[in-house]
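Below is the file target.cif, which contains mmCIF, C-alpha atoms.
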data_structure
loop_
_atom_site.label_atom_id
_atom_site.label_comp_id
_atom_site.auth_asym_id
_atom_site.auth_seq_id
_atom_site.Cartn_x
_atom_site.Cartn_y
_atom_site.Cartn_z
CA MET A 1 0.00 0.00 0.00
CA ASN A 2 1.51 3.38 -1.02
CA ASN A 3 1.65 6.39 1.29
CA ASP A 4 -1.42 8.08 -0.21
CA SER A 5 -3.51 4.94 0.11
CA GLN A 6 -2.37 4.40 3.68
CA LEU A 7 -3.15 7.99 4.62
CA GLN A 8 -6.57 7.74 2.99
CA LYS A 9 -7.35 4.61 5.02
CA SER A 10 -6.08 6.20 8.25
CA VAL A 11 -8.34 9.22 7.76
CA GLN A 12 -11.30 6.97 6.94
CA ASP A 13 -10.62 4.98 10.12
CA GLU A 14 -10.40 8.19 12.18
CA LEU A 15 -13.69 9.46 10.76
CA SER A 16 -15.31 6.12 11.64
CA TRP A 17 -13.82 6.37 15.14
CA GLU A 18 -15.26 9.86 15.71
CA PRO A 19 -18.78 9.37 17.18
CA SER A 20 -20.07 12.78 16.06
CA VAL A 21 -19.40 11.98 12.39
CA THR A 22 -21.31 9.68 10.01
CA ALA A 23 -18.33 8.45 8.01
CA ALA A 24 -20.41 6.53 5.47
CA HIS A 25 -21.45 9.81 3.81
CA ILE A 26 -17.91 11.21 3.54
CA GLY A 27 -15.45 10.50 0.76
CA VAL A 28 -11.71 10.76 1.41
CA ALA A 29 -8.91 11.37 -1.08
CA ALA A 30 -5.23 11.81 -0.22
CA LYS A 31 -2.31 13.06 -2.27
CA GLY A 32 1.07 14.13 -0.95
CA GLY A 33 -0.26 14.68 2.56
CA VAL A 34 -3.22 16.80 1.41
CA VAL A 35 -6.55 15.22 2.35
CA THR A 36 -9.78 16.15 0.56
CA LEU A 37 -13.12 15.47 2.21
CA SER A 38 -16.20 15.30 -0.01
CA GLY A 39 -19.80 14.18 0.33
CA HIS A 40 -22.38 15.48 2.77
CA VAL A 41 -23.14 15.79 6.47
CA SER A 42 -26.37 16.55 8.34
CA THR A 43 -25.15 19.48 10.48
CA TYR A 44 -22.55 22.22 10.44
CA SER A 45 -21.14 20.80 13.68
CA GLU A 46 -20.55 17.47 11.97
CA LYS A 47 -18.76 19.22 9.13
CA TYR A 48 -16.46 20.92 11.64
CA ALA A 49 -15.86 17.65 13.54
CA ALA A 50 -14.94 15.82 10.32
CA GLU A 51 -12.35 18.44 9.42
CA LYS A 52 -10.83 18.31 12.93
CA ALA A 53 -10.75 14.50 12.87
CA ALA A 54 -8.94 14.43 9.53
CA GLY A 55 -6.46 17.05 10.69
CA ARG A 56 -5.31 15.08 13.71
CA VAL A 57 -4.25 12.02 11.68
CA LYS A 58 -0.50 11.51 11.48
CA GLY A 59 0.83 12.43 8.02
CA VAL A 60 -1.88 14.96 7.16
CA LYS A 61 -0.32 18.26 6.04
CA ALA A 62 -3.50 20.06 4.97
CA VAL A 63 -7.24 19.43 4.74
CA ALA A 64 -9.34 20.54 1.76
CA GLU A 65 -12.93 20.41 2.94
CA GLU A 66 -15.64 20.14 0.28
CA LEU A 67 -18.47 18.80 2.43
CA GLU A 68 -22.06 19.92 1.89
CA VAL A 69 -24.44 20.40 4.81
CA ARG A 70 -27.79 18.75 4.04
CA LEU A 71 -30.17 19.50 6.87
CA PRO A 72 -32.79 16.84 7.73
CA PHE A 73 -36.32 18.18 7.59
CA GLU A 74 -36.73 18.09 11.38
CA THR A 75 -33.69 20.36 11.96
CA LYS A 76 -34.56 23.03 9.40
CA ARG A 77 -35.36 26.47 10.82
CA THR A 78 -36.29 29.85 9.37
CA ASP A 79 -33.69 32.60 9.36
CA ASP A 80 -35.74 34.49 11.97
CA GLU A 81 -35.73 31.47 14.27
CA ILE A 82 -31.98 31.00 13.85
CA ALA A 83 -31.29 34.69 14.49
CA SER A 84 -33.38 34.68 17.67
CA ALA A 85 -31.66 31.54 18.96
CA ALA A 86 -28.22 32.97 18.12
CA ILE A 87 -28.85 36.23 19.98
CA GLU A 88 -30.10 34.37 23.04
CA ARG A 89 -27.17 31.92 23.01
CA LEU A 90 -24.60 34.72 22.84
CA ALA A 91 -26.35 36.60 25.62
CA TRP A 92 -25.94 33.58 27.94
CA ASP A 93 -22.21 33.12 27.24
CA THR A 94 -20.03 35.08 29.69
CA SER A 95 -17.01 34.58 27.39
CA VAL A 96 -18.59 36.86 24.78
CA PRO A 97 -18.73 40.52 25.88
CA THR A 98 -22.28 41.89 25.95
CA ASP A 99 -23.44 43.40 22.64
CA SER A 100 -19.97 42.94 21.08
CA VAL A 101 -21.06 40.49 18.34
CA LYS A 102 -23.76 41.12 15.73
CA VAL A 103 -25.44 38.30 13.79
CA ARG A 104 -26.89 38.29 10.28
CA VAL A 105 -28.64 35.20 8.89
CA GLU A 106 -29.34 34.38 5.24
CA LYS A 107 -30.53 30.93 4.13
CA GLY A 108 -29.00 29.29 7.18
CA TRP A 109 -25.63 31.04 6.82
CA LEU A 110 -24.59 33.17 9.78
CA THR A 111 -22.35 36.23 9.37
CA LEU A 112 -20.74 37.42 12.60
CA THR A 113 -19.42 40.98 12.90
CA GLY A 114 -18.20 43.22 15.71
CA GLN A 115 -15.06 43.66 17.81
CA VAL A 116 -13.68 41.83 20.85
CA ASP A 117 -10.45 42.01 22.83
CA TRP A 118 -9.28 38.40 22.56
CA LYS A 119 -9.28 35.54 20.08
CA TYR A 120 -10.90 33.20 22.65
CA GLN A 121 -13.92 35.53 22.74
CA LYS A 122 -14.16 35.41 18.95
CA ASP A 123 -13.88 31.61 19.04
CA ALA A 124 -16.49 31.37 21.79
CA ALA A 125 -19.05 33.15 19.62
CA HIS A 126 -18.39 30.72 16.75
CA ASP A 127 -18.51 27.72 19.08
CA ASP A 128 -21.82 28.89 20.54
CA LEU A 129 -23.56 29.15 17.20
CA ARG A 130 -22.09 26.21 15.30
CA PRO A 131 -24.41 23.58 16.92
CA LEU A 132 -27.66 25.52 16.45
CA SER A 133 -30.39 23.79 14.45
CA GLY A 134 -30.73 25.11 10.91
CA VAL A 135 -27.19 26.50 10.64
CA VAL A 136 -25.35 25.41 7.49
CA GLY A 137 -22.27 27.62 7.84
CA VAL A 138 -20.67 30.57 9.63
CA PHE A 139 -18.81 33.55 8.16
CA ASP A 140 -16.70 34.90 11.01
CA GLU A 141 -15.90 38.57 10.39
CA ILE A 142 -15.34 39.52 14.03
CA THR A 143 -12.20 41.62 14.46
CA LEU A 144 -9.85 42.10 17.40
CA LYS A 145 -9.21 45.49 18.93
CA SER A 146 -5.67 46.73 18.43
CA ARG A 147 -3.56 47.51 21.48
CA PRO A 148 -0.80 50.09 21.88
CA SER A 149 1.57 47.71 23.72
CA ALA A 150 2.51 45.27 20.94
CA ALA A 151 6.28 45.76 20.96
CA ASN A 152 7.23 42.42 22.54
CA ILE A 153 4.74 40.17 20.75
CA SER A 154 7.36 38.08 18.90
CA ALA A 155 9.42 37.42 22.01
CA ASP A 156 6.34 36.60 24.09
CA ILE A 157 5.05 34.09 21.53
CA LYS A 158 8.48 32.42 21.16
CA GLN A 159 8.70 32.03 24.91
CA ALA A 160 5.21 30.51 25.04
CA LEU A 161 6.04 28.06 22.21
CA HIS A 162 9.25 26.98 23.95
CA ARG A 163 7.28 26.09 27.07
CA SER A 164 5.47 23.41 25.04
CA TRP A 165 6.97 19.97 24.51
CA SER A 166 5.78 20.10 20.87
CA PHE A 167 8.22 22.80 19.82
CA TYR A 168 11.99 22.82 19.76
CA GLN A 169 14.14 25.93 20.03
CA ASP A 170 14.47 26.67 16.33
CA ASN A 171 11.75 24.81 14.45
CA VAL A 172 9.24 27.71 14.48
CA SER A 173 10.05 31.37 13.79
CA VAL A 174 7.84 34.29 14.77
CA SER A 175 7.77 37.77 13.25
CA ALA A 176 5.35 40.61 13.94
CA ILE A 177 4.49 44.00 12.51
CA GLY A 178 2.25 45.71 15.01
CA GLY A 179 -0.36 43.13 15.94
CA ALA A 180 0.04 41.11 12.72
CA VAL A 181 1.99 37.91 13.41
CA LYS A 182 3.60 35.54 10.90
CA LEU A 183 4.66 32.00 11.78
CA THR A 184 7.16 30.05 9.68
CA GLY A 185 9.20 26.88 10.10
CA THR A 186 8.32 23.19 10.29
CA VAL A 187 6.35 20.87 12.57
CA PRO A 188 5.70 17.12 12.38
CA SER A 189 1.89 17.26 12.35
CA PHE A 190 -1.10 19.32 11.23
CA ASP A 191 -2.24 19.39 14.87
CA ASP A 192 1.09 20.98 15.94
CA LYS A 193 0.58 23.67 13.30
CA TRP A 194 -2.87 24.38 14.76
CA VAL A 195 -1.42 24.51 18.31
CA ALA A 196 1.25 27.00 17.22
CA ALA A 197 -1.37 29.34 15.74
CA ASN A 198 -3.54 29.15 18.84
CA THR A 199 -0.52 29.87 21.03
CA ALA A 200 0.23 32.98 18.97
CA TRP A 201 -3.37 34.17 19.24
CA ARG A 202 -3.09 34.20 23.04
CA ALA A 203 -0.44 36.93 23.07
CA PRO A 204 -1.76 40.37 24.13
CA GLY A 205 -2.00 42.73 21.17
CA VAL A 206 -2.28 40.12 18.40
CA THR A 207 -4.84 41.11 15.76
CA GLY A 208 -4.00 38.54 13.07
CA VAL A 209 -1.95 35.35 12.58
CA GLU A 210 -0.57 34.20 9.23
CA ASN A 211 0.34 30.54 9.69
CA ASP A 212 2.96 29.56 7.09
CA ILE A 213 4.38 26.66 9.09
CA ALA A 214 5.02 23.59 6.92
CA VAL A 215 4.12 20.08 8.04
CA VAL A 216 6.98 17.68 7.27
#
Please re-express this file's structure in structure tokens.
Amino acid sequence: MNNDSQLQKSVQDELSWEPSVTAAHIGVAAKGGVVTLSGHVSTYSEKYAAEKAAGRVKGVKAVAEELEVRLPFETKRTDDEIASAAIERLAWDTSVPTDSVKVRVEKGWLTLTGQVDWKYQKDAAHDDLRPLSGVVGVFDEITLKSRPSAANISADIKQALHRSWSFYQDNVSVSAIGGAVKLTGTVPSFDDKWVAANTAWRAPGVTGVENDIAVV
């Protein structure tokens, strides 16, 4: 079995192992470490879970996700119903600052706008709304507020990365212009690349992360 075939089988096995995913409806192709997921799922949450499952398989360098969300009749909702549920859900989440995120709904697609201080607040809003009935996708246009004290961002991120067992002294480089951060270098897995980006997002003053780390 060649490497592509083995990787394809490993991803298929991981999708079957993930209880929140119906693997029978998902096609998997692999070429040179790039995995493509096709087919359909019944919820947006399942689509997200499938992409995460594929990304954590050893040997995956990137995931191209072409899954379609086909809502069962019983989970379909009107845009008004989705909007009302979204507003209520955000209001109950203490991680999302009050009135900081606005929601627009069109044919099941949510567009999130507004400004927050931290990436975890932006992620919390997305995580809140992803499982709602009737949602087929989320456009996240929430921005982060810039901060005046961004001078030591690169050094702070490097120090945080070096505290993790996943990263050696020189395998990831960090550069920053203002709050815009760029990551380069190499890591052994797609999951490590994701961890590096999330580590960078936690630094005070970061407004954007360009993740150019290669998986080798």
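Note that atom CA of Thr22 of chain A and atom CA of Val215 of chain A are 27.5 Å apart.
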Next item on the list: Expand the PyMOL selection byres ((chain A and resi 3) around 10) into the individual residues it matches in the shown file, reporting them as a list of chain:residue names.
Entry: A:Met1, A:Asn2, A:Asp4, A:Ser5, A:Gln6, A:Leu7, A:Gln8, A:Lys9, A:Ala30, A:Lys31, A:Gly32, A:Gly33, A:Gly59
Next item on the list: Convert the output of the PyMOL selection byres ((chain A and resi 64) around 8) on the shown file into explicit residues, formatted as a ChimeraX atom specification.
Entry: /A:34-37,62-63,65-66
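Nearest-residue note for Thr207 of chain A: choosing from A:Arg56, A:His162, A:Arg70, A:Lys119, the minimum distance belongs to A:Lys119, counting only C-alpha atoms.
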Notebook entry, point to check: Using all atoms listed in the file, which of A:Ser45, A:Trp118, A:Lys52, A:Val136 sits nearest Thr78 of chain A?
Noted result: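 Distance minimum relative to Thr78 of chain A lands on A:Val136.
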Next item on the list: Give me the result of the PyMOL selection byres ((chain A and resi 137) around 10) on this file, residue by residue, as a count of residues only.
Entry: 21
Notebook entry, point to check: Closest to Asp79 of chain A among A:Val195, A:Ile213, A:Leu132, A:Ala203, using only C-alpha atoms?
Noted result: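 Closest candidate: A:Leu132.
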Note to self: Between atom CA of Glu210 of chain A and atom CA of Ser173 of chain A, what is the distance in Å, rounded to a tenth?
What the structure shows: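 Computing it gives 11.9 Å between the two atoms.
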Next item on the list: In Å, rounded to a single decimal, give me how far atom CA of Lys193 of chain A is from atom CA of Thr94 of chain A.
Entry: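 Atom-to-atom, atom CA of Thr94 of chain A to atom CA of Lys193 of chain A, that is 28.7 Å.
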Neighbouring residues of Glu14 of chain A were defined as those with any atom within 10 Å, considering all atoms listed in the file; residues of the same chain fewer than 3 positions away were excluded. Please report them as a compact mmCIF listing (two decimals) with C-alpha atoms, in the coordinates of the input.
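Saved to part-v3.txt:
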# COMPACT_ATOMS: atom_id res chain seq x y z
CA GLN A 8 -6.57 7.74 2.99
CA LYS A 9 -7.35 4.61 5.02
CA SER A 10 -6.08 6.20 8.25
CA VAL A 11 -8.34 9.22 7.76
CA TRP A 17 -13.82 6.37 15.14
CA GLU A 18 -15.26 9.86 15.71
CA PRO A 19 -18.78 9.37 17.18
CA VAL A 21 -19.40 11.98 12.39
CA ALA A 23 -18.33 8.45 8.01
CA ALA A 50 -14.94 15.82 10.32
CA ALA A 53 -10.75 14.50 12.87
CA ALA A 54 -8.94 14.43 9.53
CA GLY A 55 -6.46 17.05 10.69
CA ARG A 56 -5.31 15.08 13.71
CA VAL A 57 -4.25 12.02 11.68
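Restricting the calculation to all atoms listed in the file, the smallest distance between Gln159 of chain A and any of A:Thr199, A:Asn211, A:Thr98, A:Thr113 is found for A:Thr199.
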Residues near Asp156 of chain A, cut-off 9 Å, only C-alpha atoms, skip fewer than 4 positions along chain, as an mmCIF file with C-alpha atoms, in the coordinates of the input:
data_model
loop_
_atom_site.group_PDB
_atom_site.id
_atom_site.type_symbol
_atom_site.label_atom_id
_atom_site.label_comp_id
_atom_site.auth_asym_id
_atom_site.auth_seq_id
_atom_site.Cartn_x
_atom_site.Cartn_y
_atom_site.Cartn_z
ATOM 1 C CA ASN A 152 7.230 42.420 22.540
ATOM 2 C CA ALA A 160 5.210 30.510 25.040
ATOM 3 C CA LEU A 161 6.040 28.060 22.210
ATOM 4 C CA ALA A 200 0.230 32.980 18.970
ATOM 5 C CA ALA A 203 -0.440 36.930 23.070
ATOM 6 C CA PRO A 204 -1.760 40.370 24.130
#
Margin query: My list of candidates is A:Val116, A:Ala214, A:Val103, A:Leu144. Which is closest to Ser84 of chain A when distances are computed with only C-alpha atoms?
Written below: A:Val103
Next item on the list: Considering all atoms listed in the file, state which residue in the set A:Lys158, A:Arg163, A:Lys145, A:Lys102 is at the smallest distance from Ser175 of chain A.
Entry: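 Closest to Ser175 of chain A, using all atoms listed in the file: A:Lys158.
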Margin query: Taking (-12.1, 38.8, 18.9) in the coordinates of the supplied file, I want to know which residues reach to within 12 Å of it, counting all atoms listed in the file; could you give the answer as a PyMOL selection string?
Written below: chain A and resi 95-97+100-101+112-126+140-146+201-202+204-208
